[in-house]
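Listing of query_21.pdb, PDB, C-alpha atoms (C1' of nucleotides)
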```pdb
ATOM      1  CA  MET A   1       0.000   0.000   0.000
ATOM      2  CA  ASN A   2       2.917   2.299  -0.778
ATOM      3  CA  LYS A   3       3.981   3.028   2.759
ATOM      4  CA  PRO A   4       6.106   6.158   2.993
ATOM      5  CA  ARG A   5       9.769   5.305   3.213
ATOM      6  CA  LEU A   6      10.212   7.680   6.107
ATOM      7  CA  LEU A   7       7.547   5.856   8.057
ATOM      8  CA  GLU A   8       9.437   2.604   7.632
ATOM      9  CA  VAL A   9      12.572   4.275   8.894
ATOM     10  CA  TYR A  10      10.703   5.457  11.965
ATOM     11  CA  ASN A  11       9.287   1.987  12.483
ATOM     12  CA  CYS A  12      12.831   0.697  12.540
ATOM     13  CA  LEU A  13      14.167   3.288  14.946
ATOM     14  CA  CYS A  14      11.283   3.397  17.400
ATOM     15  CA  ASP A  15      12.610   0.337  19.174
ATOM     16  CA  GLU A  16      15.457   0.985  21.600
ATOM     17  CA  THR A  17      17.418  -2.099  20.593
ATOM     18  CA  ARG A  18      17.247  -1.266  16.903
ATOM     19  CA  LEU A  19      18.154   2.347  17.550
ATOM     20  CA  ARG A  20      21.241   1.172  19.416
ATOM     21  CA  ILE A  21      22.113  -1.214  16.602
ATOM     22  CA  VAL A  22      21.922   1.492  13.960
ATOM     23  CA  HIS A  23      23.898   3.825  16.187
ATOM     24  CA  LEU A  24      26.650   1.227  16.508
ATOM     25  CA  LEU A  25      26.700   0.340  12.829
ATOM     26  CA  ALA A  26      27.066   4.028  12.053
ATOM     27  CA  GLN A  27      30.446   3.762  13.752
ATOM     28  CA  SER A  28      31.629   0.516  12.254
ATOM     29  CA  PRO A  29      30.436  -2.665  10.574
ATOM     30  CA  LEU A  30      29.952  -5.472  13.082
ATOM     31  CA  CYS A  31      29.146  -9.147  13.148
ATOM     32  CA  VAL A  32      26.108 -10.445  14.960
ATOM     33  CA  CYS A  33      27.996 -11.878  17.896
ATOM     34  CA  HIS A  34      29.677  -8.563  18.611
ATOM     35  CA  LEU A  35      26.349  -6.809  18.596
ATOM     36  CA  GLN A  36      25.123  -9.447  21.016
ATOM     37  CA  ASP A  37      28.073  -8.806  23.297
ATOM     38  CA  ILE A  38      27.856  -5.037  23.222
ATOM     39  CA  LEU A  39      24.107  -4.809  23.637
ATOM     40  CA  GLY A  40      23.638  -7.820  25.888
ATOM     41  CA  LEU A  41      21.209  -9.496  23.517
ATOM     42  CA  THR A  42      20.342 -13.118  23.034
ATOM     43  CA  GLN A  43      21.318 -14.553  19.699
ATOM     44  CA  VAL A  44      17.699 -14.778  18.590
ATOM     45  CA  SER A  45      16.884 -11.236  19.570
ATOM     46  CA  ALA A  46      19.890  -9.832  17.717
ATOM     47  CA  SER A  47      19.136 -11.887  14.646
ATOM     48  CA  LYS A  48      15.492 -10.883  14.519
ATOM     49  CA  HIS A  49      16.112  -7.184  14.956
ATOM     50  CA  LEU A  50      18.743  -7.313  12.250
ATOM     51  CA  ALA A  51      16.361  -9.113   9.927
ATOM     52  CA  TYR A  52      13.802  -6.412  10.591
ATOM     53  CA  LEU A  53      16.312  -3.714   9.693
ATOM     54  CA  ARG A  54      17.615  -5.612   6.687
ATOM     55  CA  GLN A  55      14.166  -6.189   5.217
ATOM     56  CA  ARG A  56      13.574  -2.435   5.318
ATOM     57  CA  GLY A  57      16.907  -1.509   3.799
ATOM     58  CA  LEU A  58      18.446   0.183   6.829
ATOM     59  CA  VAL A  59      21.302  -2.290   7.042
ATOM     60  CA  VAL A  60      22.987  -4.703   4.684
ATOM     61  CA  SER A  61      24.761  -7.941   5.461
ATOM     62  CA  ARG A  62      27.484  -9.950   3.875
ATOM     63  CA  ARG A  63      28.828 -13.301   4.855
ATOM     64  CA  HIS A  64      32.456 -13.619   5.854
ATOM     65  CA  GLU A  65      33.277 -17.246   6.509
ATOM     66  CA  GLN A  66      30.832 -18.247   9.205
ATOM     67  CA  TRP A  67      30.022 -14.725  10.287
ATOM     68  CA  MET A  68      27.450 -12.346   9.024
ATOM     69  CA  ILE A  69      28.830  -8.829   8.935
ATOM     70  CA  TYR A  70      26.223  -6.120   9.189
ATOM     71  CA  SER A  71      26.770  -2.552   8.125
ATOM     72  CA  LEU A  72      24.949   0.480   6.878
ATOM     73  CA  PRO A  73      24.414   0.553   3.130
ATOM     74  CA  THR A  74      26.748   2.804   1.196
ATOM     75  CA  GLU A  75      23.909   4.074  -0.972
ATOM     76  CA  ARG A  76      21.500   5.413   1.600
ATOM     77  CA  PRO A  77      18.046   6.845   1.093
ATOM     78  CA  ARG A  78      17.918  10.433   2.218
ATOM     79  CA  GLU A  79      15.427   9.429   4.931
ATOM     80  CA  LEU A  80      18.144   7.400   6.579
ATOM     81  CA  ASP A  81      20.826  10.010   6.090
ATOM     82  CA  TRP A  82      18.766  12.528   8.001
ATOM     83  CA  GLN A  83      18.453  10.119  10.876
ATOM     84  CA  LEU A  84      22.155   9.390  10.952
ATOM     85  CA  ARG A  85      22.899  13.084  11.237
ATOM     86  CA  CYS A  86      20.269  13.377  13.949
ATOM     87  CA  LEU A  87      21.717  10.433  15.865
ATOM     88  CA  GLN A  88      25.149  11.928  15.755
ATOM     89  CA  ASP A  89      23.804  15.180  17.132
ATOM     90  CA  CYS A  90      21.367  13.916  19.741
ATOM     91  CA  LEU A  91      22.669  10.660  21.156
ATOM     92  CA  PRO A  92      26.252  11.212  22.351
ATOM     93  CA  THR A  93      25.112  12.786  25.610
ATOM     94  CA  HIS A  94      22.886   9.903  26.611
ATOM     95  CA  PRO A  95      24.404   7.315  28.988
ATOM     96  CA  ILE A  96      23.030   4.320  27.112
ATOM     97  CA  PHE A  97      24.746   5.263  23.884
ATOM     98  CA  ARG A  98      27.907   6.444  25.567
ATOM     99  CA  GLY A  99      28.110   3.032  27.177
ATOM    100  CA  ASP A 100      27.596   1.327  23.847
ATOM    101  CA  LEU A 101      30.455   3.275  22.322
ATOM    102  CA  ARG A 102      32.721   2.349  25.215
ATOM    103  CA  LYS A 103      31.925  -1.322  24.771
ATOM    104  CA  LEU A 104      32.415  -1.002  21.047
ATOM    105  CA  ASN A 105      35.922   0.287  21.597
ATOM    106  CA  ALA A 106      36.621  -2.517  24.048
ATOM    107  CA  VAL A 107      35.572  -5.048  21.433
ATOM    108  CA  ARG A 108      37.721  -3.351  18.831
ATOM    109  CA  SER A 109      40.847  -3.465  20.982
ATOM    110  CA  ASP A 110      40.240  -6.896  22.488
ATOM    111  CA  CYS A 111      39.695  -8.603  19.181
ATOM    112  CA  CYS A 112      42.643  -8.386  16.879
ATOM    113  CA  TRP A 113      40.589  -9.672  13.986
ATOM    114  CA  VAL A 114      37.796  -7.173  14.000
ATOM    115  CA  ALA A 115      39.599  -4.624  11.892
ATOM    116  CA  GLU A 116      40.332  -7.208   9.246
ATOM    117  CA  VAL A 117      36.881  -8.691   9.133
ATOM    118  CA  VAL A 118      34.853  -5.557   9.164
ATOM    119  CA  GLY A 119      37.107  -3.538   6.948
ATOM    120  CA  THR A 120      36.552  -3.005   3.295
ATOM    121  CA  THR A 121      38.604  -6.076   2.440
ATOM    122  CA  PRO A 122      36.870  -8.911   4.240
ATOM    123  CA  THR A 123      38.901 -11.686   2.687
ATOM    124  CA  ALA A 124      41.696 -12.058   5.211
ATOM    125  CA  PRO A 125      41.814 -15.387   7.073
ATOM    126  CA  VAL A 126      41.142 -15.009  10.784
ATOM    127  CA  HIS A 127      40.954 -18.535  12.094
ATOM    128  CA  SER A 128      43.303 -18.487  15.032
ATOM    129  CA  SER A 129      42.055 -15.220  16.443
ATOM    130  CA  ARG A 130      38.464 -16.283  16.053
ATOM    131  CA  ILE A 131      39.094 -19.166  18.442
ATOM    132  CA  LYS A 132      40.821 -16.781  20.783
ATOM    133  CA  ARG A 133      37.741 -14.631  20.937
ATOM    134  CA  ARG A 134      35.317 -17.367  21.776
ATOM    135  CA  THR A 135      37.407 -18.887  24.556
ATOM    136  CA  GLU A 136      38.379 -15.689  26.310
TER     137      GLU A 136
ATOM    138  CA  MET B   1      14.008   4.415  33.217
ATOM    139  CA  ASN B   2      15.297   7.525  31.483
ATOM    140  CA  LYS B   3      14.139   6.748  27.997
ATOM    141  CA  PRO B   4      16.086   8.664  25.369
ATOM    142  CA  ARG B   5      14.159  11.660  24.154
ATOM    143  CA  LEU B   6      14.884  10.751  20.572
ATOM    144  CA  LEU B   7      13.297   7.351  21.090
ATOM    145  CA  GLU B   8      10.104   9.004  22.275
ATOM    146  CA  VAL B   9      10.085  11.180  19.190
ATOM    147  CA  TYR B  10      10.414   8.087  17.033
ATOM    148  CA  ASN B  11       7.615   6.397  18.954
ATOM    149  CA  CYS B  12       5.426   9.352  18.091
ATOM    150  CA  LEU B  13       6.294   9.446  14.418
ATOM    151  CA  CYS B  14       6.253   5.715  13.685
ATOM    152  CA  ASP B  15       2.488   5.797  13.305
ATOM    153  CA  GLU B  16       1.218   7.056   9.970
ATOM    154  CA  THR B  17      -1.614   9.076  11.456
ATOM    155  CA  ARG B  18       0.643  10.834  13.939
ATOM    156  CA  LEU B  19       3.241  11.505  11.266
ATOM    157  CA  ARG B  20       0.576  13.151   9.147
ATOM    158  CA  ILE B  21      -0.625  15.190  12.116
ATOM    159  CA  VAL B  22       2.839  16.524  12.856
ATOM    160  CA  HIS B  23       3.369  17.230   9.184
ATOM    161  CA  LEU B  24       0.171  19.280   9.090
ATOM    162  CA  LEU B  25       0.884  21.128  12.307
ATOM    163  CA  ALA B  26       4.269  22.061  10.917
ATOM    164  CA  GLN B  27       2.351  24.092   8.341
ATOM    165  CA  SER B  28      -0.211  25.656  10.617
ATOM    166  CA  PRO B  29      -1.941  25.285  13.975
ATOM    167  CA  LEU B  30      -5.232  23.440  13.663
ATOM    168  CA  CYS B  31      -8.191  22.496  15.783
ATOM    169  CA  VAL B  32      -9.144  18.871  16.282
ATOM    170  CA  CYS B  33     -12.141  18.928  13.969
ATOM    171  CA  HIS B  34     -10.060  20.213  11.075
ATOM    172  CA  LEU B  35      -7.533  17.479  11.612
ATOM    173  CA  GLN B  36     -10.423  15.044  11.562
ATOM    174  CA  ASP B  37     -11.670  16.452   8.279
ATOM    175  CA  ILE B  38      -8.308  16.530   6.579
ATOM    176  CA  LEU B  39      -7.165  13.112   7.704
ATOM    177  CA  GLY B  40     -10.539  11.393   7.685
ATOM    178  CA  LEU B  41     -10.309  10.413  11.325
ATOM    179  CA  THR B  42     -12.981   9.695  13.848
ATOM    180  CA  GLN B  43     -13.198  12.163  16.697
ATOM    181  CA  VAL B  44     -11.877   9.599  19.148
ATOM    182  CA  SER B  45      -8.936   8.600  17.006
ATOM    183  CA  ALA B  46      -7.873  12.187  16.461
ATOM    184  CA  SER B  47      -8.195  13.012  20.124
ATOM    185  CA  LYS B  48      -6.214  10.015  21.263
ATOM    186  CA  HIS B  49      -3.366  10.497  18.841
ATOM    187  CA  LEU B  50      -3.167  14.145  19.838
ATOM    188  CA  ALA B  51      -3.078  13.181  23.494
ATOM    189  CA  TYR B  52      -0.240  10.783  22.723
ATOM    190  CA  LEU B  53       1.722  13.556  21.009
ATOM    191  CA  ARG B  54       0.909  16.102  23.693
ATOM    192  CA  GLN B  55       2.036  13.849  26.543
ATOM    193  CA  ARG B  56       5.408  13.495  24.846
ATOM    194  CA  GLY B  57       5.851  17.177  24.172
ATOM    195  CA  LEU B  58       5.622  17.076  20.383
ATOM    196  CA  VAL B  59       2.544  19.276  20.259
ATOM    197  CA  VAL B  60       0.894  21.767  22.564
ATOM    198  CA  SER B  61      -2.758  22.697  22.832
ATOM    199  CA  ARG B  62      -4.705  25.727  23.916
ATOM    200  CA  ARG B  63      -8.414  26.149  24.234
ATOM    201  CA  HIS B  64     -10.194  28.743  22.115
ATOM    202  CA  GLU B  65     -13.855  28.847  23.086
ATOM    203  CA  GLN B  66     -15.056  25.329  22.481
ATOM    204  CA  TRP B  67     -12.170  24.328  20.254
ATOM    205  CA  MET B  68      -8.833  22.915  21.159
ATOM    206  CA  ILE B  69      -6.152  24.361  18.928
ATOM    207  CA  TYR B  70      -3.107  22.169  18.494
ATOM    208  CA  SER B  71       0.240  23.407  17.308
ATOM    209  CA  LEU B  72       3.920  22.650  17.504
ATOM    210  CA  PRO B  73       5.655  24.088  20.561
ATOM    211  CA  THR B  74       7.694  27.188  19.954
ATOM    212  CA  GLU B  75      10.515  25.914  22.141
ATOM    213  CA  ARG B  76      11.375  22.608  20.503
ATOM    214  CA  PRO B  77      13.821  19.980  21.600
ATOM    215  CA  ARG B  78      16.513  19.502  19.006
ATOM    216  CA  GLU B  79      15.305  15.947  18.464
ATOM    217  CA  LEU B  80      12.068  17.339  17.097
ATOM    218  CA  ASP B  81      13.722  20.059  15.078
ATOM    219  CA  TRP B  82      15.728  17.450  13.198
ATOM    220  CA  GLN B  83      12.572  15.595  12.334
ATOM    221  CA  LEU B  84      10.816  18.708  11.123
ATOM    222  CA  ARG B  85      13.664  19.433   8.770
ATOM    223  CA  CYS B  86      13.600  15.820   7.628
ATOM    224  CA  LEU B  87       9.843  15.914   7.032
ATOM    225  CA  GLN B  88      10.167  19.030   4.962
ATOM    226  CA  ASP B  89      12.819  17.372   2.843
ATOM    227  CA  CYS B  90      11.376  13.870   2.480
ATOM    228  CA  LEU B  91       7.612  14.079   2.502
ATOM    229  CA  PRO B  92       6.533  16.588  -0.172
ATOM    230  CA  THR B  93       6.929  14.037  -2.964
ATOM    231  CA  HIS B  94       4.679  11.451  -1.364
ATOM    232  CA  PRO B  95       1.049  11.409  -2.518
ATOM    233  CA  ILE B  96      -0.377  10.997   0.967
ATOM    234  CA  PHE B  97       1.246  14.147   2.254
ATOM    235  CA  ARG B  98       0.649  16.098  -0.920
ATOM    236  CA  GLY B  99      -3.011  15.252  -0.536
ATOM    237  CA  ASP B 100      -2.983  16.387   3.061
ATOM    238  CA  LEU B 101      -1.551  19.738   2.076
ATOM    239  CA  ARG B 102      -4.176  20.159  -0.603
ATOM    240  CA  LYS B 103      -6.932  19.488   1.871
ATOM    241  CA  LEU B 104      -5.297  21.809   4.350
ATOM    242  CA  ASN B 105      -5.453  24.631   1.850
ATOM    243  CA  ALA B 106      -9.063  23.820   1.074
ATOM    244  CA  VAL B 107      -9.901  24.080   4.740
ATOM    245  CA  ARG B 108      -8.011  27.319   5.028
ATOM    246  CA  SER B 109      -9.877  28.934   2.149
ATOM    247  CA  ASP B 110     -13.288  27.483   2.941
ATOM    248  CA  CYS B 111     -13.235  28.562   6.543
ATOM    249  CA  CYS B 112     -12.913  32.243   7.001
ATOM    250  CA  TRP B 113     -12.233  31.865  10.695
ATOM    251  CA  VAL B 114      -9.267  29.542  10.580
ATOM    252  CA  ALA B 115      -6.732  32.272  10.134
ATOM    253  CA  GLU B 116      -8.109  34.167  13.085
ATOM    254  CA  VAL B 117      -8.341  31.223  15.391
ATOM    255  CA  VAL B 118      -5.046  29.609  14.668
ATOM    256  CA  GLY B 119      -3.043  32.796  14.430
ATOM    257  CA  THR B 120      -0.953  34.211  17.184
ATOM    258  CA  THR B 121      -3.883  36.211  18.509
ATOM    259  CA  PRO B 122      -6.547  33.624  19.232
ATOM    260  CA  THR B 123      -8.964  35.988  20.931
ATOM    261  CA  ALA B 124     -11.055  37.166  18.018
ATOM    262  CA  PRO B 125     -14.739  36.220  18.119
ATOM    263  CA  VAL B 126     -15.721  33.757  15.414
ATOM    264  CA  HIS B 127     -19.262  32.752  16.210
ATOM    265  CA  SER B 128     -21.077  33.301  12.948
ATOM    266  CA  SER B 129     -18.415  31.713  10.806
ATOM    267  CA  ARG B 130     -18.240  28.738  13.104
ATOM    268  CA  ILE B 131     -21.867  27.952  12.437
ATOM    269  CA  LYS B 132     -21.257  28.442   8.749
ATOM    270  CA  ARG B 133     -18.568  25.799   8.822
ATOM    271  CA  ARG B 134     -20.666  23.131  10.432
ATOM    272  CA  THR B 135     -23.646  23.540   8.183
ATOM    273  CA  GLU B 136     -21.882  23.748   4.854
TER     274      GLU B 136
ATOM    275  C1'  DC C   1      31.789 -36.543   6.838
ATOM    276  C1'  DA C   2      31.409 -35.630  12.041
ATOM    277  C1'  DG C   3      31.247 -31.966  15.059
ATOM    278  C1'  DG C   4      31.179 -27.279  16.561
ATOM    279  C1'  DA C   5      30.368 -22.370  16.044
ATOM    280  C1'  DA C   6      27.551 -18.548  14.095
ATOM    281  C1'  DT C   7      23.280 -17.284  12.393
ATOM    282  C1'  DA C   8      18.438 -17.778  10.851
ATOM    283  C1'  DT C   9      13.735 -19.447  11.171
ATOM    284  C1'  DA C  10       9.374 -21.401  13.105
ATOM    285  C1'  DC C  11       6.322 -21.526  16.727
ATOM    286  C1'  DC C  12       4.294 -19.899  20.967
ATOM    287  C1'  DT C  13       3.154 -16.374  24.438
ATOM    288  C1'  DG C  14       2.697 -11.898  26.506
ATOM    289  C1'  DT C  15       2.227  -6.941  25.988
ATOM    290  C1'  DA C  16       1.535  -2.507  23.895
ATOM    291  C1'  DT C  17      -1.458  -0.023  21.385
ATOM    292  C1'  DA C  18      -4.842   1.231  17.543
ATOM    293  C1'  DA C  19      -9.646   1.308  16.597
ATOM    294  C1'  DG C  20     -14.520   1.404  17.752
ATOM    295  C1'  DA C  21     -18.739   2.289  20.882
ATOM    296  C1'  DA C  22     -20.529   4.647  24.624
ATOM    297  C1'  DT C  23     -20.164   8.079  27.952
ATOM    298  C1'  DT C  24     -18.545  12.350  30.047
ATOM    299  C1'  DA C  25     -17.070  17.150  30.215
ATOM    300  C1'  DG C  26     -16.406  22.034  28.710
ATOM    301  C1'  DC C  27     -17.963  26.051  26.215
ATOM    302  C1'  DG C  28     -21.434  28.943  23.971
ATOM    303  C1'  DT C  29     -26.251  30.269  22.520
ATOM    304  C1'  DC C  30     -30.942  30.712  23.352
TER     305       DC C  30
ATOM    306  C1'  DG D   1     -30.912  25.660  32.748
ATOM    307  C1'  DA D   2     -31.783  22.952  28.199
ATOM    308  C1'  DC D   3     -29.524  22.140  24.048
ATOM    309  C1'  DG D   4     -25.838  21.837  20.460
ATOM    310  C1'  DC D   5     -21.129  21.531  19.326
ATOM    311  C1'  DT D   6     -16.240  20.202  20.385
ATOM    312  C1'  DA D   7     -13.217  17.368  22.698
ATOM    313  C1'  DA D   8     -11.639  13.883  26.170
ATOM    314  C1'  DT D   9     -12.048   9.576  28.663
ATOM    315  C1'  DT D  10     -13.352   4.775  29.578
ATOM    316  C1'  DC D  11     -14.036   0.177  28.171
ATOM    317  C1'  DT D  12     -13.565  -3.549  24.995
ATOM    318  C1'  DT D  13     -11.595  -5.882  21.077
ATOM    319  C1'  DA D  14      -8.113  -6.790  17.561
ATOM    320  C1'  DT D  15      -3.438  -6.714  15.854
ATOM    321  C1'  DA D  16       1.566  -6.041  15.645
ATOM    322  C1'  DC D  17       5.537  -7.334  17.525
ATOM    323  C1'  DA D  18       9.201  -8.427  21.212
ATOM    324  C1'  DG D  19      10.955 -12.267  23.831
ATOM    325  C1'  DG D  20      11.766 -17.205  24.611
ATOM    326  C1'  DT D  21      12.527 -22.248  23.204
ATOM    327  C1'  DA D  22      13.569 -25.388  19.874
ATOM    328  C1'  DT D  23      15.254 -26.437  15.444
ATOM    329  C1'  DA D  24      17.465 -25.704  10.960
ATOM    330  C1'  DT D  25      21.224 -23.969   8.103
ATOM    331  C1'  DT D  26      25.737 -22.577   6.703
ATOM    332  C1'  DC D  27      30.532 -22.499   7.185
ATOM    333  C1'  DC D  28      34.886 -24.154   9.040
ATOM    334  C1'  DT D  29      38.162 -27.596  10.980
ATOM    335  C1'  DG D  30      39.945 -32.059  11.782
TER     336       DG D  30
END
```

Write the structure described by the file as C-alpha cells, please.
Amino acid sequence: MNKPRLLEVYNCLCDETRLRIVHLLAQSPLCVCHLQDILGLTQVSASKHLAYLRQRGLVVSRRHEQWMIYSLPTERPRELDWQLRCLQDCLPTHPIFRGDLRKLNAVRSDCCWVAEVVGTTPTAPVHSSRIKRRTE
Amino acid sequence: MNKPRLLEVYNCLCDETRLRIVHLLAQSPLCVCHLQDILGLTQVSASKHLAYLRQRGLVVSRRHEQWMIYSLPTERPRELDWQLRCLQDCLPTHPIFRGDLRKLNAVRSDCCWVAEVVGTTPTAPVHSSRIKRRTE
DNA sequence: CAGGAATATACCTGTATAAGAATTAGCGTC
DNA sequence: GACGCTAATTCTTATACAGGTATATTCCTG
C-alpha cells in the first residue's frame, strides 16, 4: 500500500534495541555476535532485529566465513541520512549510547581480527584469532 | 528508566496518522475537527493520537472557546527540530502528504475563521463563521 | 563426513497499542 | 438551565511485535 519510506525508517528506529544497533553500525560494521556482546542481547533477539532492519533496507549484510557482517548501506536513502545526522547530534550525551560506544571500543581493541573482518577487504583469514575470541 | 528523548520522538512518528498530524501542524496550527476532516479520522482517534503527542511534548494545545487548537511548541527539543527538517525534505513528494496539504489549503480557504483562530492572537470572536462551517 | 560455532527461522506467548462504541465534560447560545 | 457543538475519557476488542525455546542452516576444521 505504498507506505512512505520515512515511516518505515521510523518503524525501525522506534525500538530501543534497533536504535542502538543502527547507532553502533554508524560507527563501524559489526558481526552479529559482537552486537550481542555489546548490547547484551540473546542470539535470537539480535538476529530478529537485524532481519527487521535488513528487510527495510536500513542495514545490509554480507557473509564472511561463518560470520554475518552487518553494516549500513553505502547508498542510503535520504530518509536514513537525516536520521544518521540526527543520531550523531542527539545521542552522544545519553548514557546508554555512551556506554555502547565504550563497549564497542573494548571489542575493537580486544579482538585483533575485527579490523580485518569488518574492513573493506573482508577476505583475510582469521581462524586463530576467532578461536581466541570465543574462549576468552 | 530515562528513555532517550529521541526514542520518544520516534515512537510518536512511527504511526502514519501521527506523522501526518505533525506534518500538518508544521504548516499551521489546527483544531481537532479540522484534523479530523483533513485526515478522515474519527473524533476519538484524532483526540487520542493528539493526546499521545501532547504527553510526549511534540505538540501543545490551547483552548479557544469550544475548540482545542493544536500546534507545535515554539521551544522545541533539538530531536524534534531534526525531524521537522527531515519531514520538509522527504515528505513533499509522497502522494499521501501532498493530498494532506491540498486538503489543508481547502480548509483554510473554505473557513474564514481559521486564520483568526489559529493565528498568534486567538482571541477574536468567530461565532457566525463557526456555524457556517458546520452547516456547509 | 562428524562436530562445533555462528546465524536464521518457526512456533508460541505476553504486551503494547490502535480502533470502535458509549459516555462524560467544557464552552457557547438561546 | 436545556440544548448543540467540540473534545476527552473509559471500556472492549483486535493486531503487531518483542521475547523465549527449539530447530534448521551454513561455514569451518579435523

Find the residue from B:Gln36, B:Ser45, B:Gln55, B:Thr93 that sits nearest to chain C; use all atoms listed in the file when measuring.
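Looking at the shortest contact to chain C, the residue is B:Ser45.
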
If you apply the PyMOL selection byres ((chain D) within 9 of (chain A)) to this file, what residues do you get, as number ranges by chain?
D: 18-20, 26-28

Save the residues we just selected, C-alpha atoms (C1' of nucleotides), as a CSV table (one decimal), in the frame of the given file?
```csv
chain,number,residue,atom,x,y,z
D,18,DA,C1',9.2,-8.4,21.2
D,19,DG,C1',11.0,-12.3,23.8
D,20,DG,C1',11.8,-17.2,24.6
D,26,DT,C1',25.7,-22.6,6.7
D,27,DC,C1',30.5,-22.5,7.2
D,28,DC,C1',34.9,-24.2,9.0
```

Apply the PyMOL selection byres ((chain D and resi 9) around 12) to the file shown and report the selected residues as a list in words.
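Expected selection for the PyMOL selection byres ((chain D and resi 9) around 12) here is Val44, Ser47, Lys48 and Ala51 of chain B; DA22, DT23, DT24 and DA25 of chain C; DA7, DA8, DT10 and DC11 of chain D.
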
Could the residues in this selection be written to a file with C-alpha atoms (C1' of nucleotides), as a PDB file, in the coordinates of the input?
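Result saved to result.pdb:
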```pdb
ATOM      1  CA  VAL B  44     -11.877   9.599  19.148  1.00  0.00           C
ATOM      2  CA  SER B  47      -8.195  13.012  20.124  1.00  0.00           C
ATOM      3  CA  LYS B  48      -6.214  10.015  21.263  1.00  0.00           C
ATOM      4  CA  ALA B  51      -3.078  13.181  23.494  1.00  0.00           C
TER       5      ALA B  51
ATOM      6  C1'  DA C  22     -20.529   4.647  24.624  1.00  0.00           C
ATOM      7  C1'  DT C  23     -20.164   8.079  27.952  1.00  0.00           C
ATOM      8  C1'  DT C  24     -18.545  12.350  30.047  1.00  0.00           C
ATOM      9  C1'  DA C  25     -17.070  17.150  30.215  1.00  0.00           C
TER      10       DA C  25
ATOM     11  C1'  DA D   7     -13.217  17.368  22.698  1.00  0.00           C
ATOM     12  C1'  DA D   8     -11.639  13.883  26.170  1.00  0.00           C
ATOM     13  C1'  DT D  10     -13.352   4.775  29.578  1.00  0.00           C
ATOM     14  C1'  DC D  11     -14.036   0.177  28.171  1.00  0.00           C
TER      15       DC D  11
END
```

Kindly assemble as a tab-separated table a list of the chain A residues that lie within 10 Å of chain B, each paired with its nearest atom pair and their distance in Å to one decimal, using all atoms listed in the file, sorted first by chain and then by ascending residue number.
```
residue	atom	partner	partner_atom	distance
A:Asn2	CA	B:His94	CA	9.3
A:Lys3	CA	B:Glu16	CA	8.7
A:Pro4	CA	B:His94	CA	7.0
A:Arg5	CA	B:Cys90	CA	8.7
A:Leu6	CA	B:Cys90	CA	7.3
A:Leu7	CA	B:Cys14	CA	5.8
A:Glu8	CA	B:Cys14	CA	7.5
A:Val9	CA	B:Cys14	CA	8.1
A:Tyr10	CA	B:Cys14	CA	4.8
A:Asn11	CA	B:Cys14	CA	5.0
A:Cys12	CA	B:Cys14	CA	8.4
A:Leu13	CA	B:Tyr10	CA	6.4
A:Cys14	CA	B:Tyr10	CA	4.8
A:Asp15	CA	B:Leu7	CA	7.3
A:Glu16	CA	B:Leu7	CA	6.7
A:Leu19	CA	B:Leu7	CA	7.8
A:Pro77	CA	B:Cys90	CA	9.8
A:Arg78	CA	B:Cys90	CA	7.4
A:Glu79	CA	B:Cys90	CA	6.5
A:Leu80	CA	B:Cys86	CA	9.6
A:Asp81	CA	B:Cys86	CA	9.4
A:Trp82	CA	B:Cys86	CA	6.1
A:Gln83	CA	B:Trp82	CA	8.2
A:Arg85	CA	B:Trp82	CA	8.6
A:Cys86	CA	B:Trp82	CA	6.1
A:Leu87	CA	B:Leu6	CA	8.3
A:Asp89	CA	B:Glu79	CA	8.6
A:Cys90	CA	B:Glu79	CA	6.5
A:Leu91	CA	B:Leu6	CA	7.8
A:Thr93	CA	B:Pro4	CA	9.9
A:His94	CA	B:Pro4	CA	7.0
A:Pro95	CA	B:Pro4	CA	9.2
A:Ile96	CA	B:Pro4	CA	8.4
A:Phe97	CA	B:Pro4	CA	9.4
```

Size and centre in Å, one decimal, axis-aligned box, all listed stretch 53-70 of chain A atoms plus 8 Å per side, as AutoDock Vina command-line options:
```
--center_x 23.4 --center_y -9.0 --center_z 7.0 --size_x 35.7 --size_y 34.4 --size_z 22.5
```

Residue hits in chain C, query chain B, radius 12 Å, only C-alpha atoms (C1' of nucleotides), as an MDAnalysis selection string
chainID C and resid 16:22 25:29

For D:DA22, work out the shell of residues within 12 Å, counting all atoms listed in the file and skipping chain neighbours fewer than 3 positions away, then give it as a count of residues only.
5

Dig up all the protein and nucleic acid residues within 6 Å of (26.2, -13.5, 13.9) in the file frame, using all atoms listed in the file, and format them as JSON, numbers by chain.
{"A": [31, 32, 33, 67, 68], "C": [6, 7]}

For atom C1' of D:DA24 and atom CA of A:Ser71, quote the distance in Å rounded to one decimal.
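Separation between atom C1' of D:DA24 and atom CA of A:Ser71: 25.1 Å.
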
Distance of atom C1' of D:DA14 from atom C1' of C:DT13, expressed in Å to one decimal place:
16.3 Å

Go through B:Arg108, B:Tyr70, B:Gln88, B:Gln43 one by one, measure the shortest atom-to-atom distance of each to B:Ile21 using only C-alpha atoms, and give the residue with the smallest value.
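Ranked by minimum distance to B:Ile21, first place goes to B:Tyr70.
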
Take atom CA of B:Asp100 and atom CA of B:Val22 and report the distance between them in Å, one decimal.
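Computing it gives 11.4 Å between the two atoms.
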
Minimum-distance residue to A:Thr74, chosen among A:Arg18, A:Pro92, A:Ala46, A:Leu25 (using all atoms listed in the file):
A:Leu25

I need the output of the PyMOL selection byres ((chain D and resi 3) around 9) for this file as a ChimeraX atom specification; which residues are they?
/C:29-30 /D:2,4
